[in-house]
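For reference, data_1.txt (compact mmCIF, C-alpha atoms and all ligand atoms):
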```txt
# COMPACT_ATOMS: atom_id res chain seq x y z
CA MET M 1 -2.71 -13.21 31.93
CA SER M 2 -5.25 -15.44 30.16
CA VAL M 3 -4.54 -16.89 26.71
CA ILE M 4 -7.48 -16.72 24.29
CA ARG M 5 -7.12 -19.15 21.41
CA CYS M 6 -8.98 -18.73 18.14
CA ASP M 7 -8.64 -19.52 14.45
CA VAL M 8 -9.05 -15.96 13.24
CA LEU M 9 -8.32 -12.74 15.11
CA VAL M 10 -9.70 -9.60 13.48
CA ILE M 11 -8.31 -6.28 14.69
CA GLY M 12 -10.89 -3.54 14.07
CA ALA M 13 -14.66 -3.89 14.51
CA GLY M 14 -15.56 -1.55 11.67
CA ALA M 15 -17.24 -2.27 8.35
CA ALA M 16 -14.58 -4.56 6.86
CA GLY M 17 -13.70 -6.31 10.13
CA LEU M 18 -17.29 -7.24 11.02
CA MET M 19 -18.01 -8.50 7.49
CA CYS M 20 -14.86 -10.61 7.55
CA ALA M 21 -15.66 -11.98 11.01
CA MET M 22 -19.21 -13.08 10.15
CA THR M 23 -18.04 -14.70 6.91
CA ALA M 24 -15.28 -16.66 8.64
CA GLY M 25 -17.62 -17.53 11.53
CA ARG M 26 -20.20 -18.98 9.14
CA ARG M 27 -17.48 -21.34 7.87
CA GLY M 28 -17.14 -22.72 11.37
CA ARG M 29 -13.97 -20.82 12.20
CA MET M 30 -13.52 -19.64 15.80
CA VAL M 31 -13.36 -15.88 15.39
CA GLN M 32 -12.50 -13.09 17.82
CA VAL M 33 -12.84 -9.40 16.90
CA ILE M 34 -11.09 -6.80 19.02
CA ASP M 35 -11.38 -3.01 18.88
CA HIS M 36 -9.80 -0.37 21.08
CA ALA M 37 -12.89 1.87 20.84
CA ASN M 38 -15.73 1.66 23.36
CA LYS M 39 -18.24 0.55 20.72
CA VAL M 40 -18.22 -1.12 17.33
CA GLY M 41 -18.80 0.46 13.93
CA LYS M 42 -18.47 4.09 14.98
CA LYS M 43 -17.87 5.30 11.43
CA ILE M 44 -20.86 3.37 10.18
CA LEU M 45 -22.95 5.11 12.83
CA MET M 46 -21.86 8.59 11.74
CA SER M 47 -21.95 7.82 8.02
CA GLY M 48 -24.37 9.26 5.50
CA GLY M 49 -25.54 11.89 7.99
CA GLY M 50 -26.69 9.09 10.36
CA ARG M 51 -28.42 7.10 7.61
CA CYS M 52 -25.40 5.21 6.21
CA ASN M 53 -24.99 5.25 2.45
CA PHE M 54 -24.25 1.54 2.67
CA THR M 55 -23.58 0.79 -1.00
CA ASN M 56 -23.79 2.05 -4.55
CA THR M 57 -25.49 -0.16 -7.10
CA GLY M 58 -23.23 1.20 -9.85
CA THR M 59 -19.96 0.22 -8.16
CA THR M 60 -17.08 -0.60 -10.53
CA ALA M 61 -13.30 -0.47 -10.22
CA ALA M 62 -13.43 2.95 -11.91
CA ASN M 63 -14.87 4.41 -8.70
CA PHE M 64 -11.66 3.80 -6.73
CA LEU M 65 -8.23 5.41 -6.47
CA SER M 66 -5.20 3.20 -5.98
CA ALA M 67 -1.64 2.93 -7.21
CA ASN M 68 -2.74 -0.54 -8.35
CA PRO M 69 -6.07 0.13 -10.09
CA HIS M 70 -6.85 -3.51 -10.98
CA PHE M 71 -6.43 -4.76 -7.42
CA CYS M 72 -10.02 -4.13 -6.33
CA LYS M 73 -11.69 -5.85 -9.30
CA SER M 74 -11.76 -9.45 -8.11
CA ALA M 75 -13.29 -8.82 -4.68
CA LEU M 76 -15.84 -6.33 -6.05
CA ALA M 77 -16.93 -8.86 -8.67
CA ARG M 78 -17.34 -11.65 -6.10
CA TYR M 79 -19.30 -9.65 -3.52
CA THR M 80 -21.56 -7.17 -5.28
CA PRO M 81 -23.90 -4.50 -3.92
CA TRP M 82 -26.75 -6.99 -4.50
CA HIS M 83 -25.24 -9.45 -2.03
CA PHE M 84 -25.23 -6.76 0.65
CA ILE M 85 -28.72 -5.56 -0.31
CA GLU M 86 -29.99 -9.13 0.11
CA MET M 87 -28.73 -9.12 3.72
CA VAL M 88 -30.21 -5.65 4.38
CA GLU M 89 -33.60 -6.84 3.08
CA ARG M 90 -33.41 -10.09 5.06
CA HIS M 91 -33.02 -7.95 8.21
CA GLY M 92 -36.05 -5.88 7.24
CA ILE M 93 -34.08 -2.63 6.98
CA ALA M 94 -35.96 -0.10 4.86
CA TYR M 95 -33.81 1.86 2.44
CA HIS M 96 -34.06 4.24 -0.47
CA GLU M 97 -32.01 5.37 -3.44
CA LYS M 98 -30.93 8.97 -3.14
CA GLU M 99 -29.11 9.65 -6.36
CA LEU M 100 -26.80 7.84 -8.78
CA GLY M 101 -27.36 4.39 -7.21
CA GLN M 102 -26.58 5.54 -3.65
CA LEU M 103 -28.58 3.49 -1.13
CA PHE M 104 -29.33 4.91 2.34
CA CYS M 105 -31.25 3.55 5.34
CA ASP M 106 -34.67 5.17 5.69
CA ILE M 107 -34.31 5.31 9.48
CA SER M 108 -30.81 4.99 10.92
CA SER M 109 -27.29 3.69 10.36
CA LYS M 110 -27.66 1.98 13.76
CA GLN M 111 -29.66 -0.67 11.88
CA ILE M 112 -26.63 -1.55 9.75
CA VAL M 113 -24.41 -1.93 12.82
CA LYS M 114 -27.06 -4.03 14.55
CA MET M 115 -27.38 -6.24 11.46
CA LEU M 116 -23.60 -6.80 11.31
CA VAL M 117 -23.38 -7.55 15.05
CA ASP M 118 -26.41 -9.90 14.90
CA GLU M 119 -24.86 -11.75 11.95
CA CYS M 120 -21.57 -12.04 13.84
CA GLN M 121 -23.35 -13.40 16.90
CA ALA M 122 -25.29 -15.90 14.80
CA ALA M 123 -21.97 -17.08 13.37
CA GLY M 124 -20.49 -17.51 16.85
CA VAL M 125 -18.09 -14.56 16.60
CA GLN M 126 -16.91 -12.94 19.85
CA ILE M 127 -16.50 -9.18 19.79
CA ARG M 128 -14.52 -7.27 22.42
CA THR M 129 -14.41 -3.49 22.65
CA ASP M 130 -12.03 -1.38 24.82
CA CYS M 131 -9.33 -3.81 23.76
CA GLY M 132 -6.19 -1.97 22.71
CA VAL M 133 -3.33 -3.90 21.16
CA GLN M 134 0.07 -3.69 22.85
CA LYS M 135 2.20 -6.00 20.74
CA VAL M 136 1.90 -8.41 17.81
CA GLU M 137 4.36 -11.25 17.28
CA ARG M 138 4.47 -14.16 14.89
CA GLY M 139 5.72 -17.56 15.92
CA ALA M 140 5.84 -20.91 14.17
CA ASP M 141 2.34 -21.65 15.52
CA GLY M 142 0.65 -18.40 14.42
CA PHE M 143 0.16 -14.89 15.73
CA HIS M 144 0.44 -13.77 19.35
CA VAL M 145 -1.38 -10.54 20.07
CA HIS M 146 -0.96 -8.92 23.48
CA THR M 147 -3.87 -6.70 24.50
CA ALA M 148 -5.40 -5.04 27.52
CA GLN M 149 -7.81 -8.00 27.78
CA GLY M 150 -5.35 -10.84 27.46
CA HIS M 151 -3.07 -12.64 25.12
CA PHE M 152 -4.69 -13.84 21.87
CA HIS M 153 -3.26 -16.69 19.88
CA ALA M 154 -4.58 -17.13 16.31
CA ALA M 155 -3.63 -18.92 13.12
CA SER M 156 -4.89 -16.03 10.98
CA LEU M 157 -4.63 -12.34 11.76
CA VAL M 158 -6.82 -9.85 9.88
CA VAL M 159 -5.92 -6.16 10.06
CA ALA M 160 -9.09 -4.08 9.57
CA THR M 161 -8.13 -0.95 11.47
CA GLY M 162 -9.19 1.57 8.80
CA GLY M 163 -7.53 4.85 7.91
CA LEU M 164 -6.58 8.05 9.70
CA SER M 165 -9.71 10.11 9.15
CA ILE M 166 -11.67 11.33 12.18
CA PRO M 167 -9.19 10.49 14.96
CA SER M 168 -11.87 11.41 17.53
CA MET M 169 -13.79 8.29 16.37
CA GLY M 170 -10.88 5.93 17.10
CA ALA M 171 -8.88 6.17 13.88
CA THR M 172 -5.20 5.35 14.31
CA GLY M 173 -2.19 4.55 12.14
CA PHE M 174 -1.93 1.16 13.84
CA GLY M 175 -2.55 -0.85 10.66
CA TYR M 176 0.24 0.96 8.86
CA GLU M 177 2.68 0.35 11.72
CA LEU M 178 1.79 -3.32 11.79
CA ALA M 179 2.22 -3.56 8.01
CA ARG M 180 5.71 -2.02 8.29
CA GLN M 181 6.56 -4.34 11.18
CA PHE M 182 5.94 -7.28 8.83
CA GLY M 183 7.91 -5.79 5.93
CA HIS M 184 5.06 -4.23 3.94
CA GLU M 185 5.38 -0.87 2.27
CA VAL M 186 2.88 1.84 3.13
CA LEU M 187 2.22 4.38 0.40
CA PRO M 188 2.02 8.02 1.54
CA THR M 189 -1.33 8.83 3.14
CA ARG M 190 -3.40 12.01 2.87
CA ALA M 191 -6.95 13.13 3.57
CA GLY M 192 -9.56 12.41 0.89
CA LEU M 193 -13.23 13.35 0.42
CA VAL M 194 -12.42 16.46 2.40
CA PRO M 195 -13.38 20.17 2.22
CA LEU M 196 -10.78 22.45 0.66
CA THR M 197 -9.51 25.60 2.34
CA LEU M 198 -8.82 28.93 0.65
CA SER M 199 -6.38 31.61 1.63
CA GLY M 200 -5.32 35.12 0.62
CA LYS M 201 -7.29 36.86 -2.11
CA HIS M 202 -9.64 33.96 -2.73
CA GLN M 203 -10.50 33.58 0.94
CA GLU M 204 -11.20 37.32 1.28
CA ARG M 205 -13.40 37.32 -1.79
CA PHE M 206 -15.34 34.17 -0.87
CA ASN M 207 -15.46 34.88 2.83
CA GLU M 208 -18.83 36.58 3.02
CA LEU M 209 -20.43 34.01 0.74
CA SER M 210 -20.56 31.33 3.43
CA GLY M 211 -23.76 29.28 2.98
CA VAL M 212 -24.03 29.82 -0.79
CA ALA M 213 -24.60 26.52 -2.64
CA LEU M 214 -24.78 25.86 -6.37
CA PRO M 215 -24.38 23.07 -8.92
CA ILE M 216 -20.90 23.05 -10.47
CA GLU M 217 -18.49 20.84 -12.31
CA ALA M 218 -15.11 20.60 -10.56
CA ARG M 219 -12.11 19.60 -12.68
CA CYS M 220 -8.60 18.64 -11.67
CA ASN M 221 -5.87 16.46 -13.16
CA GLY M 222 -8.12 15.25 -15.99
CA VAL M 223 -10.97 14.20 -13.69
CA GLU M 224 -14.32 15.96 -13.33
CA PHE M 225 -17.30 15.73 -11.00
CA ARG M 226 -20.65 17.42 -11.50
CA ASN M 227 -22.60 17.95 -8.31
CA SER M 228 -23.19 20.74 -5.79
CA MET M 229 -20.65 22.98 -4.07
CA LEU M 230 -21.11 24.76 -0.77
CA ILE M 231 -19.09 27.82 0.21
CA THR M 232 -18.18 27.63 3.91
CA HIS M 233 -16.49 30.08 6.27
CA ARG M 234 -13.22 28.16 5.83
CA GLY M 235 -13.37 27.42 2.10
CA ILE M 236 -15.44 25.16 -0.12
CA SER M 237 -17.22 21.88 0.43
CA GLY M 238 -20.20 19.93 -0.92
CA PRO M 239 -20.18 16.68 -2.92
CA ALA M 240 -18.42 18.02 -6.06
CA ILE M 241 -15.59 19.43 -3.95
CA LEU M 242 -15.27 16.38 -1.70
CA GLN M 243 -15.00 14.19 -4.80
CA ILE M 244 -12.39 16.33 -6.53
CA SER M 245 -10.40 16.73 -3.29
CA SER M 246 -9.26 13.10 -3.63
CA TYR M 247 -7.60 14.02 -6.93
CA TRP M 248 -6.16 17.36 -5.80
CA GLN M 249 -2.85 18.08 -4.11
CA PRO M 250 -1.44 21.47 -3.09
CA GLY M 251 -0.27 23.33 -6.17
CA ASP M 252 -2.55 21.46 -8.58
CA GLU M 253 -4.80 23.50 -10.83
CA LEU M 254 -8.47 23.35 -9.90
CA ARG M 255 -11.14 24.66 -12.28
CA LEU M 256 -14.84 25.14 -11.63
CA ASP M 257 -17.60 25.29 -14.22
CA LEU M 258 -20.17 27.51 -12.54
CA LEU M 259 -22.74 26.89 -15.28
CA PRO M 260 -22.34 23.14 -15.88
CA GLY M 261 -24.06 21.78 -18.95
CA GLN M 262 -24.76 25.26 -20.26
CA ASP M 263 -23.25 27.31 -23.06
CA ALA M 264 -22.18 30.47 -21.20
CA LEU M 265 -21.00 32.30 -24.31
CA GLY M 266 -24.23 31.60 -26.20
CA TRP M 267 -26.22 32.72 -23.16
CA LEU M 268 -24.20 35.93 -22.75
CA ARG M 269 -24.62 36.78 -26.46
CA ARG M 270 -28.35 36.20 -26.14
CA MET M 271 -28.51 38.44 -23.07
CA LYS M 272 -26.67 41.16 -25.02
CA ALA M 273 -29.17 40.89 -27.89
CA GLU M 274 -32.30 40.65 -25.73
CA ARG M 275 -31.47 42.39 -22.42
CA GLY M 276 -28.75 44.87 -23.39
CA ALA M 277 -29.99 47.53 -20.97
CA ALA M 278 -29.65 45.24 -17.94
CA GLU M 279 -26.57 45.10 -15.70
CA LEU M 280 -24.49 41.93 -16.07
CA ARG M 281 -24.92 41.37 -12.32
CA THR M 282 -28.71 41.38 -12.76
CA VAL M 283 -28.85 38.77 -15.50
CA LEU M 284 -26.15 36.69 -13.81
CA SER M 285 -28.24 36.65 -10.61
CA GLU M 286 -30.91 34.83 -12.60
CA VAL M 287 -28.63 31.85 -13.27
CA LEU M 288 -26.34 31.92 -10.20
CA PRO M 289 -26.97 32.58 -6.50
CA ARG M 290 -27.31 36.36 -6.23
CA ARG M 291 -24.54 36.86 -3.66
CA LEU M 292 -22.09 34.96 -5.83
CA ALA M 293 -23.14 36.85 -8.99
CA LEU M 294 -22.56 40.19 -7.24
CA ARG M 295 -19.17 39.06 -5.95
CA LEU M 296 -18.10 37.83 -9.38
CA CYS M 297 -19.02 41.20 -10.92
CA GLU M 298 -17.17 43.03 -8.13
CA HIS M 299 -13.88 41.21 -8.64
CA TRP M 300 -13.74 39.19 -11.84
CA LEU M 301 -16.38 40.20 -14.40
CA PRO M 302 -17.27 43.55 -16.04
CA ASP M 303 -19.68 45.37 -13.72
CA ARG M 304 -21.69 47.22 -16.35
CA LEU M 305 -24.62 47.05 -18.75
CA VAL M 306 -24.58 43.94 -20.91
CA ARG M 307 -24.67 45.97 -24.16
CA GLN M 308 -21.42 47.73 -23.11
CA ILE M 309 -19.53 44.42 -23.05
CA ASP M 310 -17.74 43.76 -26.34
CA GLU M 311 -17.25 40.34 -27.93
CA PRO M 312 -13.71 39.67 -26.55
CA GLN M 313 -14.94 40.58 -23.07
CA LEU M 314 -17.98 38.32 -23.52
CA ARG M 315 -15.62 35.48 -24.41
CA GLU M 316 -13.46 36.22 -21.36
CA ALA M 317 -16.53 36.32 -19.12
CA ALA M 318 -17.84 33.03 -20.53
CA ASP M 319 -14.45 31.42 -20.00
CA LEU M 320 -14.31 32.63 -16.42
CA LEU M 321 -17.80 31.30 -15.70
CA GLN M 322 -17.06 27.88 -17.17
CA ASN M 323 -13.41 27.55 -16.25
CA PHE M 324 -13.11 29.46 -12.96
CA PRO M 325 -9.55 29.06 -11.60
CA LEU M 326 -9.89 28.43 -7.88
CA VAL M 327 -6.76 28.55 -5.77
CA ALA M 328 -7.16 26.18 -2.83
CA SER M 329 -4.52 26.41 -0.14
CA GLY M 330 -5.06 23.02 1.46
CA THR M 331 -7.65 20.67 2.93
CA GLU M 332 -9.35 20.53 6.31
CA GLY M 333 -7.28 17.40 6.94
CA TYR M 334 -8.11 14.17 8.75
CA ARG M 335 -10.30 16.00 11.27
CA THR M 336 -13.15 16.15 8.75
CA ALA M 337 -12.01 13.87 5.90
CA GLU M 338 -14.25 10.91 5.11
CA VAL M 339 -11.39 8.73 3.94
CA THR M 340 -7.62 8.28 3.82
CA LEU M 341 -5.89 8.00 0.47
CA GLY M 342 -2.82 5.78 0.24
CA GLY M 343 -2.05 3.06 2.77
CA VAL M 344 -0.74 -0.50 2.67
CA ASP M 345 0.73 -1.14 -0.79
CA THR M 346 -1.53 -3.70 -2.46
CA ARG M 347 1.25 -5.07 -4.65
CA LYS M 348 2.30 -7.43 -1.87
CA VAL M 349 -1.26 -8.47 -0.96
CA SER M 350 -3.37 -11.08 -2.78
CA SER M 351 -6.35 -9.51 -4.53
CA SER M 352 -8.42 -12.66 -4.06
CA THR M 353 -7.64 -13.61 -0.43
CA PHE M 354 -6.20 -10.33 0.91
CA GLU M 355 -3.42 -12.38 2.44
CA SER M 356 0.04 -10.89 2.66
CA GLN M 357 2.48 -12.29 0.11
CA LEU M 358 5.22 -11.79 2.70
CA VAL M 359 3.64 -13.28 5.83
CA PRO M 360 1.30 -16.29 5.50
CA GLY M 361 -1.84 -15.94 7.61
CA LEU M 362 -1.72 -12.14 7.74
CA HIS M 363 -4.53 -10.29 5.94
CA PHE M 364 -5.22 -6.59 5.32
CA ILE M 365 -8.75 -5.42 4.45
CA GLY M 366 -10.72 -2.17 4.13
CA GLU M 367 -9.47 1.36 4.20
CA VAL M 368 -6.06 0.45 5.63
CA LEU M 369 -5.20 -0.68 2.09
CA ASP M 370 -4.26 1.70 -0.70
CA VAL M 371 -7.76 1.59 -2.22
CA THR M 372 -10.06 4.58 -1.76
CA GLY M 373 -13.54 5.00 -3.15
CA TRP M 374 -15.45 8.02 -4.36
CA LEU M 375 -18.20 9.58 -2.31
CA GLY M 376 -21.49 7.71 -2.67
CA GLY M 377 -21.40 4.34 -0.86
CA TYR M 378 -18.36 2.98 -2.68
CA ASN M 379 -16.15 2.88 0.42
CA PHE M 380 -18.56 0.66 2.31
CA GLN M 381 -18.99 -1.58 -0.72
CA TRP M 382 -15.21 -1.97 -0.76
CA ALA M 383 -15.18 -2.80 2.97
CA TRP M 384 -17.95 -5.42 2.51
CA ALA M 385 -16.29 -6.94 -0.58
CA CYS M 386 -12.81 -7.36 0.84
CA GLY M 387 -14.16 -8.36 4.26
CA HIS M 388 -16.12 -11.11 2.55
CA ALA M 389 -13.14 -12.22 0.44
CA ALA M 390 -10.78 -12.48 3.42
CA GLY M 391 -13.45 -14.07 5.63
CA SER M 392 -13.94 -16.79 3.00
CA VAL M 393 -10.37 -18.04 3.43
CA ALA M 394 -8.93 -16.81 6.75
C1 LIG M 401 -18.10 11.17 8.55
C2 LIG M 401 -17.95 10.00 7.64
C3 LIG M 401 -19.02 9.61 6.85
C4 LIG M 401 -18.87 8.54 5.96
N1 LIG M 401 -19.96 8.17 5.22
C5 LIG M 401 -19.84 7.14 4.34
C6 LIG M 401 -20.97 6.67 3.61
O1 LIG M 401 -22.10 7.15 3.81
N2 LIG M 401 -20.76 5.67 2.70
C7 LIG M 401 -19.54 5.08 2.51
O2 LIG M 401 -19.41 4.18 1.68
N3 LIG M 401 -18.47 5.46 3.25
C8 LIG M 401 -18.60 6.46 4.15
N4 LIG M 401 -17.51 6.83 4.90
C9 LIG M 401 -16.25 6.07 4.74
C10 LIG M 401 -16.37 4.75 5.52
O3 LIG M 401 -16.83 5.02 6.83
C11 LIG M 401 -15.02 4.03 5.60
O4 LIG M 401 -14.44 3.94 4.32
C12 LIG M 401 -15.20 2.63 6.17
O5 LIG M 401 -15.73 2.72 7.49
C13 LIG M 401 -13.88 1.88 6.21
O6 LIG M 401 -14.10 0.64 6.81
P1 LIG M 401 -12.94 -0.11 7.63
O7 LIG M 401 -13.59 -1.28 8.25
O8 LIG M 401 -11.77 -0.29 6.77
O9 LIG M 401 -12.53 0.94 8.74
P2 LIG M 401 -13.42 1.56 10.00
O10 LIG M 401 -14.85 1.37 9.66
O11 LIG M 401 -12.85 2.87 10.18
O12 LIG M 401 -13.06 0.56 11.15
C14 LIG M 401 -11.79 0.49 11.73
C15 LIG M 401 -11.94 0.03 13.16
O13 LIG M 401 -10.64 -0.22 13.67
C16 LIG M 401 -10.58 0.25 14.99
N5 LIG M 401 -9.16 0.54 15.32
C17 LIG M 401 -8.38 1.52 14.82
N6 LIG M 401 -7.15 1.44 15.39
C18 LIG M 401 -7.18 0.39 16.25
C19 LIG M 401 -6.25 -0.17 17.13
N7 LIG M 401 -5.01 0.34 17.24
N8 LIG M 401 -6.60 -1.25 17.89
C20 LIG M 401 -7.86 -1.76 17.78
N9 LIG M 401 -8.79 -1.25 16.98
C21 LIG M 401 -8.46 -0.20 16.20
C22 LIG M 401 -11.42 1.50 14.98
O14 LIG M 401 -11.87 1.84 16.29
C23 LIG M 401 -12.57 1.07 14.06
O15 LIG M 401 -13.64 0.49 14.77
C24 LIG M 401 -17.63 7.87 5.83
C25 LIG M 401 -16.58 8.24 6.64
C26 LIG M 401 -16.72 9.29 7.55
C27 LIG M 401 -15.55 9.66 8.41
```

Mind converting the file's structure to structure tokens?
Amino acid sequence: MSVIRCDVLVIGAGAAGLMCAMTAGRRGRMVQVIDHANKVGKKILMSGGGRCNFTNTGTTAANFLSANPHFCKSALARYTPWHFIEMVERHGIAYHEKELGQLFCDISSKQIVKMLVDECQAAGVQIRTDCGVQKVERGADGFHVHTAQGHFHAASLVVATGGLSIPSMGATGFGYELARQFGHEVLPTRAGLVPLTLSGKHQERFNELSGVALPIEARCNGVEFRNSMLITHRGISGPAILQISSYWQPGDELRLDLLPGQDALGWLRRMKAERGAAELRTVLSEVLPRRLALRLCEHWLPDRLVRQIDEPQLREAADLLQNFPLVASGTEGYRTAEVTLGGVDTRKVSSSTFESQLVPGLHFIGEVLDVTGWLGGYNFQWAWACGHAAGSVA
């Protein structure tokens, strides 16, 4: 079988891998990128509903979860959203800000993949798809990687194989296995940015509300997100729920403020003074989706005229509306999760070069590491930043 020699071999032609490859290629390094999937950047293509939320202009370390919260700071500071935006503009890709600094392509996420591939080509990078890895060994002269398309020999090996979410798009645990092979610890992984499922009483009561959406504030383990929630036939989803899902584990208390930014008790007292002859369900339907208001009055709130509700009951109702205890039974798992929490322990990886502290020449970048961003373009910004950092030295 043929031997393909290069300076840098990148495994994984996703966001981080392509950024790393183009950066190393521009330095004159001979770079090969291999991916077992039949095309590159599949997650980029499906991201942001096909329009790729490619960065967030407000990115800071506070937008990431990791057992080592300072780890991401250096790379994020050295490759900012504005660096990526400069490349997007240079390629004439039109984009817009949706909310909270989230930038999306106006037309298609295909433009981002094309830009990355064009930049790689301009830097002399070779990309091979349908190239599964059979074995990785390290000798005195570098790394030997046996694949379906030959035997690669490289001085530097960059692992950019992503996390476990969406296995149908090519996600595998390969990066974790490789990390373990070389003595790295892998912190427990679980699905993040994922819809939550309900069971038992809560599922029965929410079941017929599928399709109802409303603004909420979701709170769990001292963290809160204000955004919309969508009730689905399996449970709950929408940005506020996806965000809080990364902080939630089975058994944790999850609270929802159904009237975020409002004073429910003050409002209820006003309704009692001004609209006492109305049913609670009627006035509640004016501030919440009607189907949800009816369901709340059926199971949780007093289903009667507002004037018949005494002060302690008003307080209880206000508390329920602003501190609704939702019992989630689990998540939809990797099948629908946008990201994987946990991964290669960053404490044995350099935060400036992403090189292993155990194996010289070995680098880990992107989602395979134990660094996970919030919803809103932060995960791609992380992929670009660490891809750039590793590509600058590998
Ligand atoms: C539906 C969805 C929507 C998303 N939308 C957004 C968004 O809008 N904004 C945002 O910031 N983030 C978004 N994300 C998250 C984002 O896609 C990831 O965080 C990001 O792609 C991670 O980059 P990566 O390069 O580390 O991994 P990936 O982009 O996942 O790339 C890993 C690559 O490695 C390859 N690979 C895996 N195993 C092997 C193997 N054994 N051999 C060879 N190759 C292998 C894979 O085929 C893949 O090409 C979304 C994720 C999903 C699932």

Note to self: Could you list, as a PyMOL selection string, every residue within 7 Å of stretch 71-74 of chain M, counting only C-alpha atoms and ignoring same-chain residues fewer than 5 positions away?
What the structure shows: chain M and resi 61+351-352

Got time to write the residues from that selection, C-alpha atoms, as a PDB file, keeping the file's coordinate frame?
```pdb
ATOM      1  CA  ALA M  61     -13.300  -0.470 -10.220  1.00  0.00           C
ATOM      2  CA  SER M 351      -6.350  -9.510  -4.530  1.00  0.00           C
ATOM      3  CA  SER M 352      -8.420 -12.660  -4.060  1.00  0.00           C
TER       4      SER M 352
END
```

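The spacing separating atom CA of M:Gln262 from atom CA of M:Met229 amounts to 16.9 Å.
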
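Comparing the minimum interatomic distances between M:Ala277 and each of M:Trp382, M:Leu305, M:Leu258, M:Leu265, counting all atoms listed in the file, we find that M:Leu305 sits nearest.
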
Next item on the list: Grab the atom CA of M:Arg335 to atom CA of M:Gly235 distance for me, in Å with one decimal place.
Entry: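 Between atom CA of M:Arg335 and atom CA of M:Gly235 the gap is 15.0 Å.
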
Notebook entry, point to check: Hey, what's within 12 Å of M:Glu274 if we count all atoms listed in the file and toss same-chain stuff fewer than 5 positions away? As a ChimeraX atom specification, please?
Noted result: /M:267-269,283,306-307

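The nearest approach to M:Gly183 among the residues M:Glu367, M:Asp118, M:Asp345, M:Asp7, with all atoms listed in the file taken into account, belongs to M:Asp345.
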
Next item on the list: Kindly provide, as a list in words, the polymer residues lying within 12 Å of (-27.4, 34.8, -11.0), counting all atoms listed in the file and using the coordinates exactly as they appear in the file.
Entry: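 Here is the list of nearby residues: Val212, Leu214, Leu258, Leu259, Glu279, Leu280, Arg281, Thr282, Val283, Leu284, Ser285, Glu286, Val287, Leu288, Pro289, Arg290, Arg291, Leu292, Ala293, Leu294, Arg295, Leu296, Cys297 and Leu321 of chain M.
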
Checklist line | Given all atoms listed in the file as the counted atoms, nearest of M:Leu301, M:Val159, M:Ala390, M:Ile44 to M:Glu177 | finding: M:Val159

Checklist line | M:Val117, M:Leu369, M:Ala37, M:Ala213 ranked by distance to ligand LIG 401 (chain M), top pick (using only C-alpha atoms and all ligand atoms) | finding: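 Looking only at the distances to ligand LIG 401 (chain M), the closest residue turns out to be M:Ala37.
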
Item checked: Within 10 Å of M:Val113 using all atoms listed in the file, minus same-chain residues under 3 positions, as a list in words ->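 Non-adjacent residues within range: Gly14, Ala15, Leu18, Val40, Gly41, Lys42, Lys43, Ile44, Leu45, Cys52, Ser108, Ser109, Lys110, Leu116, Val117, Asp118 and Glu119 of chain M.
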
What are the centre and the three edge lengths of an axis-aligned box that wraps all atoms of ligand LIG 401 (chain M) in the file, given that 3 Å is added to every side, written as lines of an AutoDock Vina configuration file and rounded to one decimal in Å?
```
center_x = -13.6
center_y = 4.7
center_z = 9.8
size_x = 23.1
size_y = 18.9
size_z = 22.2
```

Next item on the list: Go ahead and compute the interatomic distance for atom CA of M:Leu178 and atom CA of M:Thr80, in Å to one decimal.
Entry: 29.2 Å

Note to self: Just checking: using only C-alpha atoms and all ligand atoms, which residue out of M:Val393, M:Leu256, M:Met115, M:Val371 ends up closest to ligand LIG 401 (chain M)?
What the structure shows: M:Val371

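Distances from M:Ala394, M:Ile107, M:Ala67, M:Cys6 to M:Asn53 were compared using only C-alpha atoms, and the smallest one belongs to M:Ile107.
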
Checklist line | Within 10 Å of M:Val133 using only C-alpha atoms, minus same-chain residues under 4 positions, as a PyMOL selection string | finding: chain M and resi 11+34-36+145-151+174

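For M:Ser165, the set of protein, DNA and RNA residues having any atom at most 12 Å away, when counting all atoms listed in the file and skipping those fewer than 5 positions along the same chain, is Lys43, Gly170, Ala171, Thr172, Gly173, Thr189, Arg190, Ala191, Gly192, Leu193, Val194, Glu332, Gly333, Tyr334, Arg335, Thr336, Ala337, Glu338, Val339, Thr340, Leu341, Glu367 and Val368 of chain M.
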
Could you write out the selected residues, including C-alpha atoms, as a tab-separated table (two decimals), in the frame of the given file?
```tsv
chain	number	residue	atom	x	y	z
M	43	LYS	CA	-17.87	5.30	11.43
M	170	GLY	CA	-10.88	5.93	17.10
M	171	ALA	CA	-8.88	6.17	13.88
M	172	THR	CA	-5.20	5.35	14.31
M	173	GLY	CA	-2.19	4.55	12.14
M	189	THR	CA	-1.33	8.83	3.14
M	190	ARG	CA	-3.40	12.01	2.87
M	191	ALA	CA	-6.95	13.13	3.57
M	192	GLY	CA	-9.56	12.41	0.89
M	193	LEU	CA	-13.23	13.35	0.42
M	194	VAL	CA	-12.42	16.46	2.40
M	332	GLU	CA	-9.35	20.53	6.31
M	333	GLY	CA	-7.28	17.40	6.94
M	334	TYR	CA	-8.11	14.17	8.75
M	335	ARG	CA	-10.30	16.00	11.27
M	336	THR	CA	-13.15	16.15	8.75
M	337	ALA	CA	-12.01	13.87	5.90
M	338	GLU	CA	-14.25	10.91	5.11
M	339	VAL	CA	-11.39	8.73	3.94
M	340	THR	CA	-7.62	8.28	3.82
M	341	LEU	CA	-5.89	8.00	0.47
M	367	GLU	CA	-9.47	1.36	4.20
M	368	VAL	CA	-6.06	0.45	5.63
```

Checklist line | Answer as a list in words, residues within 9 Å of (-34.8, 7.3, 2.6) using all atoms listed in the file | finding: Arg51, Ala94, Tyr95, His96, Glu97, Lys98, Leu103, Phe104, Cys105, Asp106 and Ile107 of chain M
